[in-house]
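Novice: This one is model-v7.tsv, TSV, C-alpha atoms.
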```
chain	number	residue	atom	x	y	z
A	744	MET	CA	-16.80	-38.72	23.75
A	745	ASN	CA	-14.75	-37.68	20.72
A	746	GLU	CA	-12.06	-35.04	21.14
A	747	PRO	CA	-12.58	-31.84	19.11
A	748	ALA	CA	-10.25	-31.70	16.12
A	749	THR	CA	-8.94	-28.30	17.24
A	750	ALA	CA	-7.87	-29.74	20.59
A	751	ILE	CA	-6.06	-32.59	18.86
A	752	GLU	CA	-4.40	-30.18	16.43
A	753	ALA	CA	-3.22	-28.00	19.32
A	754	ALA	CA	-1.75	-31.02	21.11
A	755	VAL	CA	0.00	-32.16	17.95
A	756	ALA	CA	1.46	-28.73	17.30
A	757	ALA	CA	2.76	-28.57	20.87
A	758	SER	CA	4.49	-31.92	20.60
A	759	PRO	CA	8.30	-31.77	20.48
A	760	LEU	CA	8.09	-34.48	17.80
A	761	HIS	CA	6.32	-32.01	15.50
A	762	GLN	CA	9.74	-30.72	14.51
A	763	LEU	CA	10.26	-33.87	12.43
A	764	LYS	CA	7.73	-32.66	9.86
A	765	ASP	CA	10.62	-31.69	7.59
A	766	GLU	CA	12.35	-35.03	8.06
A	767	LEU	CA	9.54	-37.49	7.36
A	768	ASP	CA	7.43	-38.47	4.36
A	769	ILE	CA	4.16	-40.41	4.50
A	770	VAL	CA	3.79	-43.00	1.73
A	771	ILE	CA	0.31	-44.20	0.74
A	772	PRO	CA	-0.47	-46.74	-2.00
A	773	THR	CA	-3.99	-46.46	-3.36
A	774	ILE	CA	-6.49	-47.10	-6.14
A	775	ARG	CA	-9.19	-44.79	-4.76
A	776	ASN	CA	-9.90	-41.27	-3.52
A	777	LEU	CA	-8.19	-40.55	-0.24
A	778	ASP	CA	-11.19	-39.45	1.83
A	779	PHE	CA	-9.77	-41.39	4.77
A	780	LEU	CA	-7.19	-38.62	5.24
A	781	GLU	CA	-9.87	-36.35	6.70
A	782	MET	CA	-9.86	-38.26	9.97
A	783	TRP	CA	-6.05	-38.24	9.98
A	784	ARG	CA	-5.84	-34.52	9.23
A	785	PRO	CA	-4.98	-33.40	12.80
A	786	PHE	CA	-2.03	-35.77	12.88
A	787	LEU	CA	-0.78	-36.00	9.29
A	788	GLN	CA	-1.53	-32.68	7.60
A	789	PRO	CA	1.80	-31.07	8.64
A	790	TYR	CA	3.71	-33.76	6.76
A	791	HIS	CA	4.49	-34.31	3.09
A	792	LEU	CA	2.64	-37.19	1.40
A	793	ILE	CA	3.93	-39.40	-1.38
A	794	ILE	CA	0.94	-41.11	-3.01
A	795	VAL	CA	1.62	-44.10	-5.26
A	796	GLN	CA	-1.38	-44.73	-7.48
A	797	ASP	CA	-1.80	-48.36	-8.43
A	798	GLY	CA	-3.78	-49.71	-11.37
A	799	ASP	CA	-5.21	-47.55	-14.16
A	800	PRO	CA	-3.04	-44.40	-14.46
A	801	SER	CA	-5.82	-42.54	-16.29
A	802	LYS	CA	-8.02	-42.57	-13.19
A	803	THR	CA	-8.03	-39.36	-11.17
A	804	ILE	CA	-7.28	-39.75	-7.45
A	805	LYS	CA	-8.79	-37.02	-5.30
A	806	VAL	CA	-6.86	-35.82	-2.26
A	807	PRO	CA	-8.52	-33.64	0.40
A	808	ASN	CA	-7.62	-29.96	0.31
A	809	GLY	CA	-4.80	-28.74	2.50
A	810	PHE	CA	-2.43	-31.70	2.18
A	811	ASP	CA	1.01	-31.28	0.67
A	812	TYR	CA	1.61	-34.21	-1.65
A	813	GLU	CA	3.23	-35.73	-4.71
A	814	LEU	CA	1.28	-38.31	-6.70
A	815	TYR	CA	2.94	-40.91	-8.91
A	816	ASN	CA	1.09	-43.30	-11.21
A	817	ARG	CA	2.40	-46.11	-13.39
A	818	ASN	CA	3.23	-43.76	-16.22
A	819	ASP	CA	5.38	-41.69	-13.85
A	820	ILE	CA	7.13	-44.80	-12.54
A	821	ASN	CA	7.92	-45.95	-16.09
A	822	ARG	CA	9.14	-42.49	-17.07
A	823	ILE	CA	11.36	-42.06	-14.02
A	824	LEU	CA	12.87	-45.55	-13.85
A	825	GLY	CA	12.79	-46.58	-17.51
A	826	PRO	CA	13.57	-50.30	-17.94
A	827	LYS	CA	14.23	-50.59	-14.19
A	828	ALA	CA	10.51	-49.98	-13.58
A	829	SER	CA	10.14	-53.74	-14.02
A	830	CYS	CA	11.10	-54.16	-10.36
A	831	ILE	CA	8.02	-52.21	-9.17
A	832	SER	CA	4.91	-54.35	-8.75
A	833	PHE	CA	1.73	-53.52	-10.68
A	834	LYS	CA	-1.82	-53.96	-9.38
A	835	ASP	CA	-0.52	-54.66	-5.89
A	836	SER	CA	0.10	-52.45	-2.85
A	837	ALA	CA	3.76	-53.48	-3.12
A	838	CYS	CA	4.05	-50.50	-5.47
A	839	ARG	CA	4.36	-48.38	-2.31
A	840	CYS	CA	8.09	-49.03	-2.19
A	841	PHE	CA	8.52	-46.70	-5.18
A	842	GLY	CA	7.59	-43.95	-2.73
A	843	TYR	CA	10.42	-45.02	-0.45
A	844	MET	CA	12.81	-44.71	-3.36
A	845	VAL	CA	11.84	-41.20	-4.48
A	846	SER	CA	11.61	-39.75	-0.96
A	847	LYS	CA	14.50	-37.61	0.22
A	848	LYS	CA	13.56	-37.61	3.89
A	849	LYS	CA	15.22	-39.45	6.76
A	850	TYR	CA	12.05	-41.22	7.94
A	851	ILE	CA	9.10	-42.92	6.24
A	852	PHE	CA	5.65	-43.72	7.63
A	853	THR	CA	3.47	-45.87	5.38
A	854	ILE	CA	-0.20	-46.55	5.91
A	855	ASP	CA	-3.02	-48.17	3.92
A	856	ASP	CA	-6.11	-46.26	2.87
A	857	ASP	CA	-8.43	-48.52	4.89
A	858	CYS	CA	-6.62	-47.72	8.15
A	859	PHE	CA	-8.42	-45.26	10.40
A	860	VAL	CA	-7.50	-43.49	13.64
A	861	ALA	CA	-7.81	-45.91	16.57
A	862	LYS	CA	-8.69	-45.05	20.16
A	863	ASP	CA	-6.96	-46.18	23.30
A	864	PRO	CA	-8.97	-47.75	26.16
A	865	SER	CA	-9.74	-44.28	27.57
A	866	GLY	CA	-11.33	-43.22	24.27
A	867	LYS	CA	-8.49	-40.91	23.28
A	868	ALA	CA	-7.55	-40.78	19.60
A	869	ILE	CA	-4.15	-42.42	19.00
A	870	ASN	CA	-1.54	-40.38	17.16
A	871	ALA	CA	0.09	-43.37	15.47
A	872	LEU	CA	2.78	-41.31	13.78
A	873	GLU	CA	3.90	-39.73	17.05
A	874	GLN	CA	4.37	-43.18	18.62
A	875	HIS	CA	6.29	-44.44	15.59
A	876	ILE	CA	8.63	-41.45	15.88
A	877	LYS	CA	9.15	-42.17	19.58
A	878	ASN	CA	10.00	-45.77	18.71
A	879	LEU	CA	12.48	-44.76	16.04
A	880	LEU	CA	14.17	-42.06	18.12
A	881	SER	CA	14.83	-44.36	21.07
A	882	PRO	CA	17.29	-47.28	21.00
A	883	SER	CA	16.44	-50.95	20.52
A	884	THR	CA	17.73	-53.83	22.65
A	885	PRO	CA	18.03	-56.88	20.33
A	886	PHE	CA	20.83	-58.67	22.20
A	887	PHE	CA	19.12	-59.23	25.55
A	888	PHE	CA	15.39	-59.29	26.27
A	889	ASN	CA	14.02	-56.84	28.83
A	890	THR	CA	11.04	-58.41	30.62
A	891	LEU	CA	9.53	-54.95	31.24
A	892	TYR	CA	9.45	-54.52	27.45
A	893	ASP	CA	10.81	-51.24	26.08
A	894	PRO	CA	13.12	-49.85	28.79
A	895	PHE	CA	13.08	-46.43	27.13
A	896	ALA	CA	9.29	-46.00	27.40
A	897	ASP	CA	7.81	-43.67	29.99
A	898	GLY	CA	7.60	-45.37	33.40
A	899	ALA	CA	9.90	-48.26	32.45
A	900	ASP	CA	13.57	-49.12	32.73
A	901	PHE	CA	15.97	-52.03	32.56
A	902	VAL	CA	15.13	-54.73	35.06
A	903	ARG	CA	17.48	-56.25	37.61
A	904	GLY	CA	19.92	-58.61	35.92
A	905	TYR	CA	20.05	-56.74	32.63
A	906	PRO	CA	23.73	-56.31	31.64
A	907	PHE	CA	24.93	-52.74	31.99
A	908	SER	CA	27.20	-53.23	29.00
A	909	LEU	CA	24.12	-53.63	26.77
A	910	ARG	CA	21.95	-50.84	28.16
A	911	GLU	CA	23.02	-48.28	25.59
A	912	GLY	CA	21.12	-50.26	22.97
A	913	VAL	CA	21.44	-49.88	19.20
A	914	PRO	CA	19.82	-47.53	16.65
A	915	THR	CA	16.24	-48.41	15.77
A	916	ALA	CA	15.69	-48.93	12.04
A	917	VAL	CA	12.07	-50.13	11.97
A	918	SER	CA	8.89	-49.49	13.98
A	919	HIS	CA	6.14	-52.04	13.26
A	920	GLY	CA	2.67	-51.04	14.45
A	921	LEU	CA	-0.44	-53.18	15.03
A	922	TRP	CA	-4.18	-53.04	14.33
A	923	LEU	CA	-7.47	-53.02	16.15
A	924	ASN	CA	-10.64	-54.47	14.61
A	925	ILE	CA	-9.63	-56.50	11.50
A	926	PRO	CA	-6.48	-58.52	12.27
A	927	ASP	CA	-3.85	-59.12	9.60
A	928	TYR	CA	-4.70	-62.78	9.07
A	929	ASP	CA	-3.87	-65.07	6.16
A	930	ALA	CA	-6.68	-66.48	4.02
A	931	PRO	CA	-7.06	-69.87	5.78
A	932	THR	CA	-7.37	-68.15	9.16
A	933	GLN	CA	-9.83	-65.63	7.69
A	934	LEU	CA	-11.98	-68.48	6.43
A	935	VAL	CA	-11.95	-70.28	9.78
A	936	LYS	CA	-12.56	-67.12	11.82
A	937	PRO	CA	-14.57	-64.77	9.58
A	938	LEU	CA	-16.07	-62.78	12.45
A	939	GLU	CA	-13.00	-62.50	14.66
A	940	ARG	CA	-11.97	-58.96	15.59
A	941	ASN	CA	-9.03	-57.77	17.60
A	942	THR	CA	-10.21	-55.71	20.56
A	943	ARG	CA	-7.12	-56.23	22.75
A	944	PHE	CA	-5.10	-53.07	23.28
A	945	VAL	CA	-1.70	-54.04	24.66
A	946	ASP	CA	0.25	-51.03	25.89
A	947	ALA	CA	3.70	-52.32	25.00
A	948	VAL	CA	6.59	-51.95	22.57
A	949	LEU	CA	9.11	-54.77	22.22
A	950	THR	CA	12.42	-55.10	20.45
A	951	ILE	CA	12.40	-58.24	18.31
A	952	PRO	CA	15.45	-60.25	19.46
A	953	LYS	CA	18.43	-60.81	17.18
A	954	GLY	CA	18.05	-64.05	15.23
A	955	THR	CA	14.25	-63.98	15.40
A	956	LEU	CA	12.19	-63.40	12.25
A	957	PHE	CA	8.71	-61.87	12.27
A	958	PRO	CA	5.78	-61.35	9.87
A	959	MET	CA	5.99	-57.67	8.93
A	960	CYS	CA	2.75	-55.97	7.90
A	961	GLY	CA	3.12	-52.88	5.72
A	962	MET	CA	-0.16	-51.16	6.59
A	963	ASN	CA	1.13	-49.38	9.74
A	964	LEU	CA	4.90	-49.16	9.45
A	965	ALA	CA	7.66	-46.62	9.93
A	966	PHE	CA	11.37	-46.83	9.34
A	967	ASP	CA	14.60	-44.88	9.21
A	968	ARG	CA	15.20	-44.58	5.49
A	969	GLN	CA	18.87	-43.69	5.94
A	970	LEU	CA	19.52	-46.79	8.06
A	971	ILE	CA	17.53	-49.47	6.20
A	972	GLY	CA	15.75	-47.87	3.21
A	973	PRO	CA	17.49	-49.78	0.39
A	974	ALA	CA	16.33	-53.10	1.91
A	975	MET	CA	12.66	-52.06	2.10
A	976	TYR	CA	11.84	-53.62	-1.25
A	977	PHE	CA	8.37	-55.15	-1.28
A	978	GLY	CA	9.22	-57.73	-3.93
A	979	LEU	CA	7.54	-58.74	-7.18
A	980	MET	CA	3.83	-59.23	-6.60
A	981	GLY	CA	0.53	-58.63	-8.35
A	982	GLU	CA	-0.11	-58.77	-12.08
A	983	GLY	CA	2.07	-61.27	-13.93
A	984	GLN	CA	3.41	-62.88	-10.76
A	985	PRO	CA	2.45	-66.24	-9.22
A	986	ILE	CA	2.10	-64.86	-5.70
A	987	GLY	CA	0.60	-61.96	-3.79
A	988	ARG	CA	0.21	-60.69	-0.20
A	989	TYR	CA	3.79	-61.62	0.61
A	990	ASP	CA	5.31	-58.30	-0.40
A	991	ASP	CA	5.64	-56.90	3.11
A	992	MET	CA	6.53	-60.34	4.48
A	993	TRP	CA	9.44	-60.58	2.06
A	994	ALA	CA	10.66	-57.12	2.97
A	995	GLY	CA	10.36	-57.95	6.67
A	996	TRP	CA	12.47	-61.10	6.40
A	997	CYS	CA	15.11	-59.24	4.38
A	998	ILE	CA	15.34	-56.22	6.68
A	999	LYS	CA	15.47	-58.37	9.81
A	1000	VAL	CA	18.42	-60.43	8.55
A	1001	ILE	CA	20.21	-57.25	7.48
A	1002	CYS	CA	19.43	-55.38	10.72
A	1003	ASP	CA	20.78	-58.33	12.70
A	1004	HIS	CA	23.95	-58.32	10.60
A	1005	LEU	CA	24.51	-54.55	10.85
A	1006	GLY	CA	23.58	-54.24	14.53
A	1007	LEU	CA	20.30	-52.36	14.09
A	1008	GLY	CA	17.01	-52.78	15.93
A	1009	VAL	CA	13.40	-53.57	14.98
A	1010	LYS	CA	10.49	-52.77	17.31
A	1011	THR	CA	6.89	-54.01	17.27
A	1012	GLY	CA	3.77	-53.19	19.28
A	1013	LEU	CA	2.41	-49.67	19.68
A	1014	PRO	CA	1.01	-47.79	17.85
A	1015	TYR	CA	-2.37	-49.19	16.90
A	1016	ILE	CA	-4.49	-48.13	13.95
A	1017	TYR	CA	-8.10	-49.17	13.29
A	1018	HIS	CA	-8.16	-51.55	10.33
A	1019	SER	CA	-11.60	-50.94	8.89
A	1020	LYS	CA	-12.11	-53.44	6.12
A	1021	ALA	CA	-11.49	-57.18	5.74
A	1022	SER	CA	-10.28	-58.25	2.32
A	1023	ASN	CA	-11.95	-61.15	0.49
A	1024	PRO	CA	-10.53	-64.42	1.87
A	1025	PHE	CA	-11.20	-66.33	-1.36
A	1026	VAL	CA	-9.33	-63.75	-3.43
A	1027	ASN	CA	-6.59	-63.77	-0.80
A	1028	LEU	CA	-6.31	-67.55	-0.98
A	1029	ARG	CA	-5.67	-67.41	-4.71
A	1030	LYS	CA	-2.89	-64.89	-4.09
A	1031	GLU	CA	-1.38	-66.67	-1.10
A	1032	TYR	CA	-1.60	-70.37	-1.79
A	1033	LYS	CA	1.86	-70.78	-3.34
A	1034	GLY	CA	3.39	-68.60	-0.65
A	1035	ILE	CA	1.83	-70.75	2.06
A	1036	TYR	CA	3.75	-73.72	0.67
A	1037	TRP	CA	6.89	-71.83	-0.27
A	1038	GLN	CA	7.33	-70.15	3.10
A	1039	GLU	CA	8.10	-73.53	4.66
A	1040	ASP	CA	11.35	-73.33	2.64
A	1041	ILE	CA	11.72	-69.54	2.68
A	1042	ILE	CA	11.73	-69.24	6.47
A	1043	PRO	CA	14.53	-71.82	7.01
A	1044	PHE	CA	16.51	-70.03	4.29
A	1045	PHE	CA	16.34	-66.71	6.14
A	1046	GLN	CA	17.00	-68.41	9.47
A	1047	GLN	CA	20.20	-69.91	8.12
A	1048	VAL	CA	21.45	-67.14	5.84
A	1049	VAL	CA	24.87	-65.73	6.71
A	1050	LEU	CA	26.08	-62.43	5.30
A	1051	PRO	CA	29.84	-61.97	4.85
A	1052	LYS	CA	31.78	-59.55	7.04
A	1053	ASP	CA	32.58	-57.31	4.09
A	1054	SER	CA	28.86	-56.65	3.62
A	1055	THR	CA	29.08	-53.41	5.57
A	1056	THR	CA	26.30	-51.42	3.89
A	1057	VAL	CA	22.62	-52.15	3.35
A	1058	GLN	CA	23.19	-52.24	-0.41
A	1059	LYS	CA	26.03	-54.76	-0.13
A	1060	CYS	CA	23.94	-56.90	2.21
A	1061	TYR	CA	20.98	-56.80	-0.16
A	1062	ILE	CA	23.00	-57.72	-3.25
A	1063	GLU	CA	24.51	-60.64	-1.34
A	1064	LEU	CA	21.04	-61.69	-0.18
A	1065	ALA	CA	19.80	-61.59	-3.78
A	1066	LYS	CA	22.69	-63.85	-4.80
A	1067	GLN	CA	21.80	-66.38	-2.12
A	1068	VAL	CA	18.09	-66.21	-3.01
A	1069	LYS	CA	18.94	-67.17	-6.58
A	1070	GLU	CA	21.31	-69.97	-5.51
A	1071	LYS	CA	19.12	-71.56	-2.84
A	1072	LEU	CA	15.49	-70.58	-3.45
A	1073	GLY	CA	15.73	-70.70	-7.23
A	1074	LYS	CA	15.54	-74.48	-6.91
A	1075	ILE	CA	11.98	-74.18	-5.58
A	1076	ASP	CA	10.52	-72.23	-8.47
A	1077	PRO	CA	11.78	-70.02	-11.35
A	1078	TYR	CA	9.94	-67.13	-9.69
A	1079	PHE	CA	12.79	-66.79	-7.20
A	1080	ASP	CA	15.32	-66.33	-10.01
A	1081	LYS	CA	13.15	-63.50	-11.28
A	1082	LEU	CA	12.75	-62.08	-7.78
A	1083	ALA	CA	16.51	-62.18	-7.18
A	1084	ASP	CA	17.11	-60.28	-10.42
A	1085	ALA	CA	14.46	-57.73	-9.40
A	1086	MET	CA	16.22	-57.25	-6.04
A	1087	VAL	CA	19.41	-56.29	-7.88
A	1088	THR	CA	17.48	-54.00	-10.23
A	1089	TRP	CA	15.84	-52.37	-7.21
A	1090	ILE	CA	19.24	-51.51	-5.70
A	1091	GLN	CA	20.46	-50.13	-9.03
A	1092	ALA	CA	17.33	-47.98	-9.30
A	1093	TRP	CA	17.64	-46.85	-5.66
A	1094	ASP	CA	21.26	-45.81	-6.11
A	1095	GLY	CA	20.40	-44.08	-9.38
A	1096	LEU	CA	17.82	-41.87	-7.69
A	1097	ASN	CA	19.76	-41.45	-4.45
A	1098	PRO	CA	23.32	-40.37	-5.22
A	1099	THR	CA	25.05	-38.70	-2.30
A	1100	SER	CA	23.53	-35.29	-1.48
A	1101	ALA	CA	21.46	-35.20	-4.69
A	1102	SER	CA	17.81	-34.20	-4.76
A	1103	PHE	CA	15.03	-35.62	-6.90
A	1104	SER	CA	11.42	-34.61	-7.25
A	1105	ASN	CA	9.35	-35.53	-10.25
A	1106	GLY	CA	5.63	-36.12	-10.18
A	1107	LYS	CA	2.33	-34.35	-9.78
A	1108	THR	CA	2.17	-32.00	-6.83
A	1109	GLY	CA	-0.74	-30.68	-4.84
```
Please, can you express the file's structure as structure tokens?

Specialist:
Amino acid sequence: MNEPATAIEAAVAASPLHQLKDELDIVIPTIRNLDFLEMWRPFLQPYHLIIVQDGDPSKTIKVPNGFDYELYNRNDINRILGPKASCISFKDSACRCFGYMVSKKKYIFTIDDDCFVAKDPSGKAINALEQHIKNLLSPSTPFFFNTLYDPFADGADFVRGYPFSLREGVPTAVSHGLWLNIPDYDAPTQLVKPLERNTRFVDAVLTIPKGTLFPMCGMNLAFDRQLIGPAMYFGLMGEGQPIGRYDDMWAGWCIKVICDHLGLGVKTGLPYIYHSKASNPFVNLRKEYKGIYWQEDIIPFFQQVVLPKDSTTVQKCYIELAKQVKEKLGKIDPYFDKLADAMVTWIQAWDGLNPTSASFSNGKTG
């Protein structure tokens, strides 16, 4: 039986995490009307939305009444960034990272417009944002694995044998959520398993260990913008580029290497959303096929990359990473030279819009 919206709204309002409504922006990339927000209204309406419209900027995107939002299209991006707009992907959901750049909040939650509210095994609607906030506000434990998963979750703790010197943990920079129904598969797996659906709800949050990479999906993701924001660049994808559907993967590899270097944590697991629509595997294969080959070189690169000790900020780490991308991955394909240059441009654009204690707001408001 579905819960009445008023009951959900009352529970949300009573949550101590509701106070973060002034510290968090929700970023949504889209090419269509945002009717899906109606089902998210009880959970997301108190928060400010940053909508990044992809594709034709002359198209009107309709947003349900009652939501506080800014909407940026390609014309806005070009106007705000000028020549540096070249680092923002076009005709690809990677454009969402522009929203990260113009936000002035401490936290970001980003979600795709085909992601609906999931239900836990008891049938209760899952407040994905609330769980992300819990993940971000509690420490991570990347240096020693806790076999009872997240020791800071309700009903859990550090197990016997866990070093007391490591129990304080480290700040959590990223919370990576999962999906029920349509899994986030690559095109070959989609083609082999076209009817497969994920129905397994695993009630767990894990810190990804230091030195371990992971495939980051951007459709249900939250992060501390102040801790890791400048590294959340979703790369050059979409129109004019030889690769697609690796935007969030690229960002995930970059942020994990930088988090490991700076002593920050990345969590994965809860919360779940309901991924409603499978993308076309044949279209996906065209976008992915070079990346499927290239990642066999990209992954070893990130596994072996070493950042110098004087890289003490996210920006310094990212510029150094861009330098190494050009030196080592540029041999694979000229695309990586272009990507490395875009990484530097991204940092320049980020710093231009985010000087210390400055504010910036420029776009359509609703």

Novice: For the point (-4.5, -65.9, -5.6) in file coordinates, what residues are within 12 Å, counting only C-alpha atoms? Give the answer as an mmCIF file with C-alpha atoms, keeping the file's coordinate frame?

Specialist:
```cif
data_model
loop_
_atom_site.group_PDB
_atom_site.id
_atom_site.type_symbol
_atom_site.label_atom_id
_atom_site.label_comp_id
_atom_site.auth_asym_id
_atom_site.auth_seq_id
_atom_site.Cartn_x
_atom_site.Cartn_y
_atom_site.Cartn_z
ATOM 1 C CA ASP A 835 -0.520 -54.660 -5.890
ATOM 2 C CA ASP A 929 -3.870 -65.070 6.160
ATOM 3 C CA ALA A 930 -6.680 -66.480 4.020
ATOM 4 C CA MET A 980 3.830 -59.230 -6.600
ATOM 5 C CA GLY A 981 0.530 -58.630 -8.350
ATOM 6 C CA GLU A 982 -0.110 -58.770 -12.080
ATOM 7 C CA GLY A 983 2.070 -61.270 -13.930
ATOM 8 C CA GLN A 984 3.410 -62.880 -10.760
ATOM 9 C CA PRO A 985 2.450 -66.240 -9.220
ATOM 10 C CA ILE A 986 2.100 -64.860 -5.700
ATOM 11 C CA GLY A 987 0.600 -61.960 -3.790
ATOM 12 C CA ARG A 988 0.210 -60.690 -0.200
ATOM 13 C CA TYR A 989 3.790 -61.620 0.610
ATOM 14 C CA ASN A 1023 -11.950 -61.150 0.490
ATOM 15 C CA PRO A 1024 -10.530 -64.420 1.870
ATOM 16 C CA PHE A 1025 -11.200 -66.330 -1.360
ATOM 17 C CA VAL A 1026 -9.330 -63.750 -3.430
ATOM 18 C CA ASN A 1027 -6.590 -63.770 -0.800
ATOM 19 C CA LEU A 1028 -6.310 -67.550 -0.980
ATOM 20 C CA ARG A 1029 -5.670 -67.410 -4.710
ATOM 21 C CA LYS A 1030 -2.890 -64.890 -4.090
ATOM 22 C CA GLU A 1031 -1.380 -66.670 -1.100
ATOM 23 C CA TYR A 1032 -1.600 -70.370 -1.790
ATOM 24 C CA LYS A 1033 1.860 -70.780 -3.340
ATOM 25 C CA GLY A 1034 3.390 -68.600 -0.650
ATOM 26 C CA ILE A 1035 1.830 -70.750 2.060
#
```

Novice: Could you tell me how far CA of Ile971 in chain A sits from CA of Thr915 in chain A, in Å to one decimal place?

Specialist: 9.7 Å

Novice: Could you pull out every residue with an atom within 8 Å of (-11.8, -42.7, 10.2), file coordinates, counting all atoms listed in the file, and send them as number ranges by chain?

Specialist: A: 779-783, 858-860

Novice: Need the shell around range 947-964 of chain A: protein/DNA/RNA residues with any atom at most 7 Å away, counting all atoms listed in the file. Skip same-chain ones fewer than 2 positions apart. Format as an MDAnalysis selection string?

Specialist: chainID A and resid 852:855 883:886 888 892:893 918:921 945 966 991:992 995:996 999 1003 1008:1013

Novice: Record the distance separating CA of Asp1080 in chain A and CA of Cys840 in chain A, expressed in Å with one decimal.

Specialist: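 Straight-line distance from CA of Asp1080 in chain A to CA of Cys840 in chain A works out to 20.3 Å.
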
Novice: Name the closest residue to Cys1002 in chain A among the candidates A:Thr932, A:Ser1019, A:Gln1038, A:Thr1055; distances are taken between atoms, counting all atoms listed in the file.

Specialist: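 The shortest atom-to-atom distance to Cys1002 in chain A comes from A:Thr1055.
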
Novice: Would you mind listing what lies within 12 Å of Pro864 in chain A as a ChimeraX atom specification, with all atoms listed in the file counted and same-chain residues fewer than 2 positions away left out?

Specialist: /A:861-862,866-869,923,942-946,1015

Novice: Range 820-824 of chain A: which residues within 9 Å, counting all atoms listed in the file, same-chain residues fewer than 2 positions away excluded, as a list in words?

Specialist: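 My list of contacting residues is Tyr815, Asn816, Arg817, Asn818, Pro826, Lys827, Ala828, Ser829, Ile831, Phe841, Ala1092, Gly1095, Leu1096 and Asn1105 of chain A.
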
Novice: Could the residues in this selection be written to a file with C-alpha atoms, as a compact mmCIF listing (two decimals), keeping the file's coordinate frame?

Specialist:
```
# COMPACT_ATOMS: atom_id res chain seq x y z
CA TYR A 815 2.94 -40.91 -8.91
CA ASN A 816 1.09 -43.30 -11.21
CA ARG A 817 2.40 -46.11 -13.39
CA ASN A 818 3.23 -43.76 -16.22
CA PRO A 826 13.57 -50.30 -17.94
CA LYS A 827 14.23 -50.59 -14.19
CA ALA A 828 10.51 -49.98 -13.58
CA SER A 829 10.14 -53.74 -14.02
CA ILE A 831 8.02 -52.21 -9.17
CA PHE A 841 8.52 -46.70 -5.18
CA ALA A 1092 17.33 -47.98 -9.30
CA GLY A 1095 20.40 -44.08 -9.38
CA LEU A 1096 17.82 -41.87 -7.69
CA ASN A 1105 9.35 -35.53 -10.25
```

Novice: I'd like to know which of A:Val913, A:Leu1064, A:Val1087, A:Ile1042 is closest to Leu1005 in chain A, using all atoms listed in the file.

Specialist: A:Val913

Novice: So that I can check the surroundings of Ser836 in chain A, please list as a PDB file with C-alpha atoms, keeping the file's coordinate frame every protein, DNA and RNA residue that reaches within 8 Å of it, counting only C-alpha atoms and ignoring chain neighbours fewer than 4 positions away.

Specialist:
```pdb
ATOM      1  CA  PRO A 772      -0.470 -46.740  -2.000  1.00  0.00           C
ATOM      2  CA  THR A 773      -3.990 -46.460  -3.360  1.00  0.00           C
ATOM      3  CA  ASP A 797      -1.800 -48.360  -8.430  1.00  0.00           C
ATOM      4  CA  SER A 832       4.910 -54.350  -8.750  1.00  0.00           C
TER       5      SER A 832
END
```

Novice: Work out how far CA of Leu767 in chain A is from CA of Lys848 in chain A, in Å to one decimal.

Specialist: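 Going from CA of Lys848 in chain A over to CA of Leu767 in chain A covers 5.3 Å.
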
Novice: Could you please fill out range 824-834 of chain A with N, CA and C atoms and send it back as an mmCIF file, in the coordinates of the input?

Specialist:
```cif
data_model
loop_
_atom_site.group_PDB
_atom_site.id
_atom_site.type_symbol
_atom_site.label_atom_id
_atom_site.label_comp_id
_atom_site.auth_asym_id
_atom_site.auth_seq_id
_atom_site.Cartn_x
_atom_site.Cartn_y
_atom_site.Cartn_z
ATOM 1 N N LEU A 824 11.941 -44.426 -13.992
ATOM 2 C CA LEU A 824 12.870 -45.550 -13.850
ATOM 3 C C LEU A 824 13.250 -46.193 -15.181
ATOM 4 N N GLY A 825 12.490 -45.939 -16.238
ATOM 5 C CA GLY A 825 12.790 -46.580 -17.510
ATOM 6 C C GLY A 825 12.687 -48.092 -17.397
ATOM 7 N N PRO A 826 13.628 -48.837 -17.991
ATOM 8 C CA PRO A 826 13.570 -50.300 -17.940
ATOM 9 C C PRO A 826 13.579 -50.867 -16.511
ATOM 10 N N LYS A 827 14.159 -50.115 -15.583
ATOM 11 C CA LYS A 827 14.230 -50.590 -14.190
ATOM 12 C C LYS A 827 12.873 -50.571 -13.502
ATOM 13 N N ALA A 828 11.858 -49.978 -14.148
ATOM 14 C CA ALA A 828 10.510 -49.980 -13.580
ATOM 15 C C ALA A 828 9.956 -51.392 -13.451
ATOM 16 N N SER A 829 10.597 -52.340 -14.098
ATOM 17 C CA SER A 829 10.140 -53.740 -14.020
ATOM 18 C C SER A 829 10.200 -54.283 -12.603
ATOM 19 N N CYS A 830 10.994 -53.662 -11.731
ATOM 20 C CA CYS A 830 11.100 -54.160 -10.360
ATOM 21 C C CYS A 830 9.959 -53.670 -9.467
ATOM 22 N N ILE A 831 9.129 -52.743 -9.955
ATOM 23 C CA ILE A 831 8.020 -52.210 -9.170
ATOM 24 C C ILE A 831 6.739 -52.956 -9.525
ATOM 25 N N SER A 832 6.106 -53.540 -8.532
ATOM 26 C CA SER A 832 4.910 -54.350 -8.750
ATOM 27 C C SER A 832 3.766 -53.504 -9.317
ATOM 28 N N PHE A 833 2.886 -54.166 -10.064
ATOM 29 C CA PHE A 833 1.730 -53.520 -10.680
ATOM 30 C C PHE A 833 0.468 -54.229 -10.210
ATOM 31 N N LYS A 834 -0.562 -53.439 -9.915
ATOM 32 C CA LYS A 834 -1.820 -53.960 -9.380
ATOM 33 C C LYS A 834 -1.588 -54.723 -8.072
#
```
